[in-house]
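Peer 1: Take a look at the following structure, please.
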Amino acid sequence: MKKTIPQEKIDFLEDSIQNFFVNESTPLTDTSFPHNSNTHSYQKEQMHSKKTWLETFIARFSNTIAIDFGSTKTLAFLNGSECIMKETSTATINNDTKQIISIGNESKRMTGRTPLNLSVIEPIKRGVLADFSIAEQMLAHILRQANILSPKYIGPFVIASVPPAIRSIELQAYHDALISAGARNIACVHSGIAALIGLGVDIWAPHSYCVIDIGGGITSSVITSGGEILQQISIPKAGNDFNVLLQKSLRDKYAILIGSRTVEDLKIAVMQEHSQTKRFIVRGKSTETGLPLEIDMRAHEVQKLLYPLVKEIVRDIAQFINTAPAEVQADIQEQAVFLIGGGSHVAGIKKLLELTLHTEIVTVDHPSTIVAQGLTRILQDPERYKEYVSAPSTIS
Ligand SMILES: Nc1ncnc2c1ncn2[C@@H]1O[C@H](COP(=O)(O)OP(=O)(O)OP(=O)(O)O)[C@@H](O)[C@H]1O
Ligand SMILES: [Mg+2]
């Protein structure tokens, strides 16, 4: 027979969690006890033992979920390890009923093929919520998945990454979407900080780090020093803009119209190809006759079409880094710069950054997953990273 927990017990557990984790207005950081104060050491110990007890308690009744809800990809991890979602940030909806038909990769497959009454929606644009209702339903889907895999009585604690320089109104929208999706408590981490933690660097080391994240909707960069954010930027040019540029250039220079799925497949196939002379057949329709058209292009010809945007992104990043103090720039040159995000695969970006910034650029094997890995590490050791975990209203 299924055991049920009495409502008063659930209420008590919820209150305990509310007090323990972040609530809408309180940072997770424990500021109530001044450091190096003997008078407060007993209270500190009490607080610590209370937390340890509560942590164990909470873990039994509530899940923790790390979510990187990107403009192109959504990654979610359950209880610090299990990947429960790694799919495109898209949903197919019925235009008449506004109901979601499919979510993630399945809906992405419908792009360019939807019947008139269906549309494929991307609820995150340029790193921020653009369609509240779809975003909320997608988040609810993730939370449901988590509860199927690990059934709990109480809504989950969600830790989410947010892009640098996010506005408070955008942050509030994300917070509200998570709450209505069923999250009990929410905490946010700057994506740049999550990236450094995911990269496994000693974030508190007494020197500066720089990380550049070329995602699908935004390119962001953060410079830290001794564990603090010194400066940050979000540039509205990234992976998806390469697709737009490629489509436009093919139309203007080769008189061929290609769909958004074809352009994404072409871009990725070309970037994964090492031989510059490898031939690709591009299929679309003629801008002149409207009839099906095929053109034969070499990898380097496709790459050349993308190069203007590579130059723009590198120029914007260089300008951003140039505004840092001289000592910080010297540190960055000595320490290397980390380049992550799916857009970092685009040929030429790494090389041009190296030439422009006169520093080594470090890339990684799975650049789209670094931010989510960082969030997961935080959940595995929340005490260590608690200074970076803030209530949504306190992040700046
Ligand atoms: N091999 C590849 N070559 C070129 N581009 C790629 C490759 N793999 C992924 N991308 C691009 O990377 C982008 C997605 O990167 P990522 O998953 O880091 O973005 P995101 O986190 O969803 O977006 P954002 O951080 O901007 O909100 C897409 O534009 C995709 O086309
Ligand atoms: Mg991202």
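Labels for the structure tokens follow display order: chains A, B, ..., residues from 1 in each chain, ligands from 1.
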Please identify all polymer residues within 12 Å of segment 105-113 of chain A, counting only C-alpha atoms, omitting same-chain residues fewer than 2 positions from it, and present them as an NGL selection string.

Peer 2: :A and (72-74 or 85-94 or 100-103 or 115-122 or 138 or 258-265)

Peer 1: Could you produce a table of the residues of chain A lying within 6 Å of ligand 1, with the nearest pair of atoms per residue and their separation in Å rounded to one decimal, using only C-alpha atoms and all ligand atoms, ordered by chain and increasing residue number, as CSV?

Peer 2:
residue,atom,partner,partner_atom_place_in_ligand_line,distance
A:Gly70,CA,ligand 1,22 (O),3.4
A:Ser71,CA,ligand 1,27 (O),3.6
A:Thr72,CA,ligand 1,22 (O),3.3
A:Lys73,CA,ligand 1,22 (O),3.7
A:Arg126,CA,ligand 1,26 (O),5.8
A:Gly127,CA,ligand 1,27 (O),3.9
A:Gly215,CA,ligand 1,19 (O),3.5
A:Gly216,CA,ligand 1,29 (O),3.7
A:Gly217,CA,ligand 1,26 (O),3.6
A:Ile218,CA,ligand 1,26 (O),3.9
A:Gly239,CA,ligand 1,29 (O),3.3
A:Asn240,CA,ligand 1,29 (O),4.1
A:Glu264,CA,ligand 1,31 (O),5.9
A:Lys267,CA,ligand 1,4 (C),5.8
A:Ile268,CA,ligand 1,3 (N),4.2
A:Met271,CA,ligand 1,3 (N),4.8
A:Gln272,CA,ligand 1,1 (N),5.7
A:Gly341,CA,ligand 1,18 (O),3.5
A:Gly342,CA,ligand 1,12 (O),3.1
A:Gly343,CA,ligand 1,12 (O),3.9
A:His345,CA,ligand 1,3 (N),4.4
A:Val346,CA,ligand 1,4 (C),4.7
A:Ser368,CA,ligand 1,18 (O),4.0

Peer 1: Using only C-alpha atoms, which protein or nucleic acid residues come within 6 Å of segment 176-189 of chain A? Drop anything in the same chain fewer than 5 positions from it, and give the result as a list in words.

Peer 2: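 Near neighbours after the sequence-gap exclusion: Glu136, Leu139, Ala140, Gly155, Pro156, Phe157, Val158, Ile159, Ala160, Ser161, Val389, Ser390, Ala391 and Pro392 of chain A.
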
Peer 1: Could those selected residues go to a file with C-alpha atoms, as a PDB file, in the first residue's frame?

Peer 2:
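Written output follows (selection15.pdb):
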ATOM      1  CA  GLU A 136       7.194  27.689 -18.165  1.00  0.00           C
ATOM      2  CA  LEU A 139      10.558  23.924 -17.347  1.00  0.00           C
ATOM      3  CA  ALA A 140       7.537  22.058 -15.965  1.00  0.00           C
ATOM      4  CA  GLY A 155       8.903  20.584  -5.290  1.00  0.00           C
ATOM      5  CA  PRO A 156      12.589  20.726  -6.234  1.00  0.00           C
ATOM      6  CA  PHE A 157      15.337  23.187  -5.433  1.00  0.00           C
ATOM      7  CA  VAL A 158      16.469  24.571  -8.800  1.00  0.00           C
ATOM      8  CA  ILE A 159      19.811  26.153  -9.484  1.00  0.00           C
ATOM      9  CA  ALA A 160      19.883  28.021 -12.786  1.00  0.00           C
ATOM     10  CA  SER A 161      22.578  29.810 -14.733  1.00  0.00           C
ATOM     11  CA  VAL A 389      24.713  31.166  -5.303  1.00  0.00           C
ATOM     12  CA  SER A 390      22.249  34.014  -5.004  1.00  0.00           C
ATOM     13  CA  ALA A 391      18.544  34.460  -4.780  1.00  0.00           C
ATOM     14  CA  PRO A 392      17.343  35.729  -8.179  1.00  0.00           C
TER      15      PRO A 392
END

Peer 1: Would you return as a ChimeraX atom specification the members of segment 144-319 of chain A that DSSP assigns to helix (DSSP H, G or I) on this structure's backbone?

Peer 2: /A:144-149,168-181,191-199,239-254,260-271,299-319

Peer 1: Just the residues within 6 Å of Gly374 of chain A, please, counting only C-alpha atoms, with nothing from its chain fewer than 6 positions along; format it as a PyMOL selection string.

Peer 2: chain A and resi 194-195+197-198

Peer 1: Skip segment 293-308 of chain A itself and residues of its chain fewer than 5 positions away, then list as a VMD selection string all residues within 12 Å of it, counting only C-alpha atoms.

Peer 2: chain A and resid 237 to 258 263 266 to 288 313 to 315 343 345 to 349 351 to 352

Peer 1: Give me the residues near Ser225 of chain A as a PDB file with N, CA and C atoms, in the first residue's frame, where near means some atom within 9 Å (using only C-alpha atoms) and where sequence neighbours in that chain fewer than 3 positions away do not count.

Peer 2:
ATOM      1  N   ILE A 203      39.053  28.958  -8.739  1.00  0.00           N
ATOM      2  CA  ILE A 203      38.454  30.276  -8.981  1.00  0.00           C
ATOM      3  C   ILE A 203      38.973  31.353  -8.018  1.00  0.00           C
ATOM      4  N   TRP A 204      39.447  30.934  -6.821  1.00  0.00           N
ATOM      5  CA  TRP A 204      39.916  31.902  -5.826  1.00  0.00           C
ATOM      6  C   TRP A 204      41.406  32.233  -5.964  1.00  0.00           C
ATOM      7  N   ALA A 205      42.058  31.648  -6.950  1.00  0.00           N
ATOM      8  CA  ALA A 205      43.498  31.898  -7.134  1.00  0.00           C
ATOM      9  C   ALA A 205      43.728  33.422  -7.270  1.00  0.00           C
ATOM     10  N   PRO A 206      44.866  33.924  -6.757  1.00  0.00           N
ATOM     11  CA  PRO A 206      45.060  35.384  -6.737  1.00  0.00           C
ATOM     12  C   PRO A 206      45.485  35.960  -8.098  1.00  0.00           C
ATOM     13  N   HIS A 207      44.754  35.623  -9.125  1.00  0.00           N
ATOM     14  CA  HIS A 207      45.011  36.238 -10.436  1.00  0.00           C
ATOM     15  C   HIS A 207      43.708  36.266 -11.230  1.00  0.00           C
ATOM     16  N   SER A 208      43.779  36.792 -12.431  1.00  0.00           N
ATOM     17  CA  SER A 208      42.543  36.959 -13.217  1.00  0.00           C
ATOM     18  C   SER A 208      42.308  35.805 -14.177  1.00  0.00           C
ATOM     19  N   TYR A 209      41.037  35.534 -14.412  1.00  0.00           N
ATOM     20  CA  TYR A 209      40.627  34.568 -15.435  1.00  0.00           C
ATOM     21  C   TYR A 209      39.702  35.281 -16.412  1.00  0.00           C
ATOM     22  N   GLU A 228      36.296  37.109  -7.653  1.00  0.00           N
ATOM     23  CA  GLU A 228      35.251  38.141  -7.813  1.00  0.00           C
ATOM     24  C   GLU A 228      35.115  38.492  -9.294  1.00  0.00           C
ATOM     25  N   ILE A 229      33.884  38.830  -9.705  1.00  0.00           N
ATOM     26  CA  ILE A 229      33.701  39.279 -11.091  1.00  0.00           C
ATOM     27  C   ILE A 229      34.195  40.715 -11.213  1.00  0.00           C
ATOM     28  N   LEU A 230      35.128  40.937 -12.141  1.00  0.00           N
ATOM     29  CA  LEU A 230      35.636  42.302 -12.362  1.00  0.00           C
ATOM     30  C   LEU A 230      34.811  43.016 -13.419  1.00  0.00           C
ATOM     31  N   VAL A 328      45.381  43.319 -15.003  1.00  0.00           N
ATOM     32  CA  VAL A 328      44.441  42.235 -15.303  1.00  0.00           C
ATOM     33  C   VAL A 328      44.720  41.689 -16.702  1.00  0.00           C
TER      34      VAL A 328
END

Peer 1: Using only C-alpha atoms and all ligand atoms, can you tell me which of A:Leu75, A:Ala66, A:Ile233, A:Leu355 comes closest to ligand 2?

Peer 2: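 Closest residue, counting only C-alpha atoms and all ligand atoms: A:Leu75.
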
Peer 1: Smallest atom-to-atom distance to Ile169 of chain A: which of A:Leu129, A:Ala135, A:Leu309, A:Leu196, using only C-alpha atoms?

Peer 2: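 Using only C-alpha atoms, the shortest distance to Ile169 of chain A belongs to A:Leu129.
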
Peer 1: Which residue out of A:His190, A:Tyr153, A:Asn322, A:Leu78 has the minimum interatomic distance to ligand 2 when only C-alpha atoms and all ligand atoms are used?

Peer 2: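 Using only C-alpha atoms and all ligand atoms, ligand 2 sits closest to A:His190.
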
Peer 1: From the options A:Ala372, A:Ala173, A:Ala324, A:Ile378, which residue's atoms come nearest to ligand 2, counting only C-alpha atoms and all ligand atoms?

Peer 2: A:Ala372

Peer 1: Suppose you want the space between atom CA of Tyr388 of chain A and atom CA of Pro367 of chain A; what is it in Å?

Peer 2: 21.4 Å

Peer 1: Neighbouring residues of Ile361 of chain A were defined as those with any atom within 12 Å, considering only C-alpha atoms; residues of the same chain fewer than 4 positions away were excluded. Please report them as an mmCIF file with N, CA and C atoms, in the first residue's frame.

Peer 2:
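In the end it all went to out_24.cif:
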data_model
loop_
_atom_site.group_PDB
_atom_site.id
_atom_site.type_symbol
_atom_site.label_atom_id
_atom_site.label_comp_id
_atom_site.auth_asym_id
_atom_site.auth_seq_id
_atom_site.Cartn_x
_atom_site.Cartn_y
_atom_site.Cartn_z
ATOM 1 N N TYR A 209 41.037 35.534 -14.412
ATOM 2 C CA TYR A 209 40.627 34.568 -15.435
ATOM 3 C C TYR A 209 39.702 35.281 -16.412
ATOM 4 N N CYS A 210 39.717 34.804 -17.637
ATOM 5 C CA CYS A 210 38.751 35.321 -18.616
ATOM 6 C C CYS A 210 38.115 34.132 -19.319
ATOM 7 N N VAL A 211 36.804 34.137 -19.388
ATOM 8 C CA VAL A 211 36.103 33.076 -20.120
ATOM 9 C C VAL A 211 35.182 33.723 -21.148
ATOM 10 N N ILE A 212 35.229 33.174 -22.357
ATOM 11 C CA ILE A 212 34.366 33.665 -23.444
ATOM 12 C C ILE A 212 33.430 32.515 -23.806
ATOM 13 N N ILE A 332 45.713 37.948 -17.770
ATOM 14 C CA ILE A 332 44.928 37.178 -18.751
ATOM 15 C C ILE A 332 45.856 36.619 -19.825
ATOM 16 N N GLN A 333 46.803 37.457 -20.265
ATOM 17 C CA GLN A 333 47.735 36.998 -21.305
ATOM 18 C C GLN A 333 48.598 35.854 -20.792
ATOM 19 N N GLU A 334 48.938 35.936 -19.513
ATOM 20 C CA GLU A 334 49.791 34.895 -18.936
ATOM 21 C C GLU A 334 49.022 33.587 -18.690
ATOM 22 N N GLN A 335 47.754 33.759 -18.255
ATOM 23 C CA GLN A 335 46.966 32.586 -17.828
ATOM 24 C C GLN A 335 46.220 31.871 -18.943
ATOM 25 N N ALA A 336 46.051 32.491 -20.073
ATOM 26 C CA ALA A 336 45.233 31.961 -21.178
ATOM 27 C C ALA A 336 43.765 32.324 -20.967
ATOM 28 N N VAL A 337 43.036 32.269 -22.057
ATOM 29 C CA VAL A 337 41.612 32.613 -22.037
ATOM 30 C C VAL A 337 40.844 31.346 -22.402
ATOM 31 N N PHE A 338 39.744 31.100 -21.679
ATOM 32 C CA PHE A 338 38.942 29.906 -21.972
ATOM 33 C C PHE A 338 37.858 30.271 -22.981
ATOM 34 N N LEU A 339 37.718 29.419 -23.978
ATOM 35 C CA LEU A 339 36.685 29.636 -24.999
ATOM 36 C C LEU A 339 35.722 28.452 -24.953
ATOM 37 N N ILE A 340 34.447 28.750 -24.649
ATOM 38 C CA ILE A 340 33.443 27.675 -24.544
ATOM 39 C C ILE A 340 32.193 28.054 -25.344
ATOM 40 N N SER A 344 31.821 28.214 -30.373
ATOM 41 C CA SER A 344 33.287 28.245 -30.403
ATOM 42 C C SER A 344 33.854 27.249 -31.421
ATOM 43 N N ILE A 349 37.651 31.260 -35.310
ATOM 44 C CA ILE A 349 37.443 32.103 -34.125
ATOM 45 C C ILE A 349 38.627 31.969 -33.170
ATOM 46 N N LYS A 350 39.010 30.740 -32.891
ATOM 47 C CA LYS A 350 40.077 30.509 -31.918
ATOM 48 C C LYS A 350 41.375 31.169 -32.403
ATOM 49 N N LYS A 351 41.686 30.934 -33.675
ATOM 50 C CA LYS A 351 42.942 31.451 -34.240
ATOM 51 C C LYS A 351 42.942 32.977 -34.195
ATOM 52 N N LEU A 352 41.815 33.576 -34.622
ATOM 53 C CA LEU A 352 41.776 35.038 -34.680
ATOM 54 C C LEU A 352 41.832 35.643 -33.273
ATOM 55 N N LEU A 353 41.212 34.969 -32.306
ATOM 56 C CA LEU A 353 41.290 35.455 -30.920
ATOM 57 C C LEU A 353 42.738 35.416 -30.439
ATOM 58 N N GLU A 354 43.426 34.316 -30.769
ATOM 59 C CA GLU A 354 44.825 34.178 -30.337
ATOM 60 C C GLU A 354 45.680 35.291 -30.931
ATOM 61 N N LEU A 355 45.456 35.557 -32.225
ATOM 62 C CA LEU A 355 46.265 36.590 -32.894
ATOM 63 C C LEU A 355 45.941 37.983 -32.360
ATOM 64 N N THR A 356 44.664 38.206 -32.056
ATOM 65 C CA THR A 356 44.248 39.547 -31.623
ATOM 66 C C THR A 356 44.608 39.804 -30.161
ATOM 67 N N LEU A 357 44.404 38.784 -29.312
ATOM 68 C CA LEU A 357 44.621 38.993 -27.873
ATOM 69 C C LEU A 357 46.043 38.646 -27.438
#

Peer 1: Between A:Asp316, A:Asp213, A:Glu170, A:Asp365, which is the closest to ligand 2 once you count only C-alpha atoms and all ligand atoms?

Peer 2: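 Using only C-alpha atoms and all ligand atoms, the shortest distance to ligand 2 belongs to A:Asp213.
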
Peer 1: Please report, as an MDAnalysis selection string, each residue of segment 113-190 of chain A to which DSSP assigns strand (DSSP E or B) when run on this structure's backbone.

Peer 2: chainID A and resid 118:121 124:125 128:129 154:162 185:190

Peer 1: Which one of A:Thr64, A:Gln319, A:Ser191, A:Gln137 sits closest to Lys152 of chain A if you count only C-alpha atoms?

Peer 2: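 Of A:Thr64, A:Gln319, A:Ser191, A:Gln137, the one nearest Lys152 of chain A is A:Thr64, counting only C-alpha atoms.
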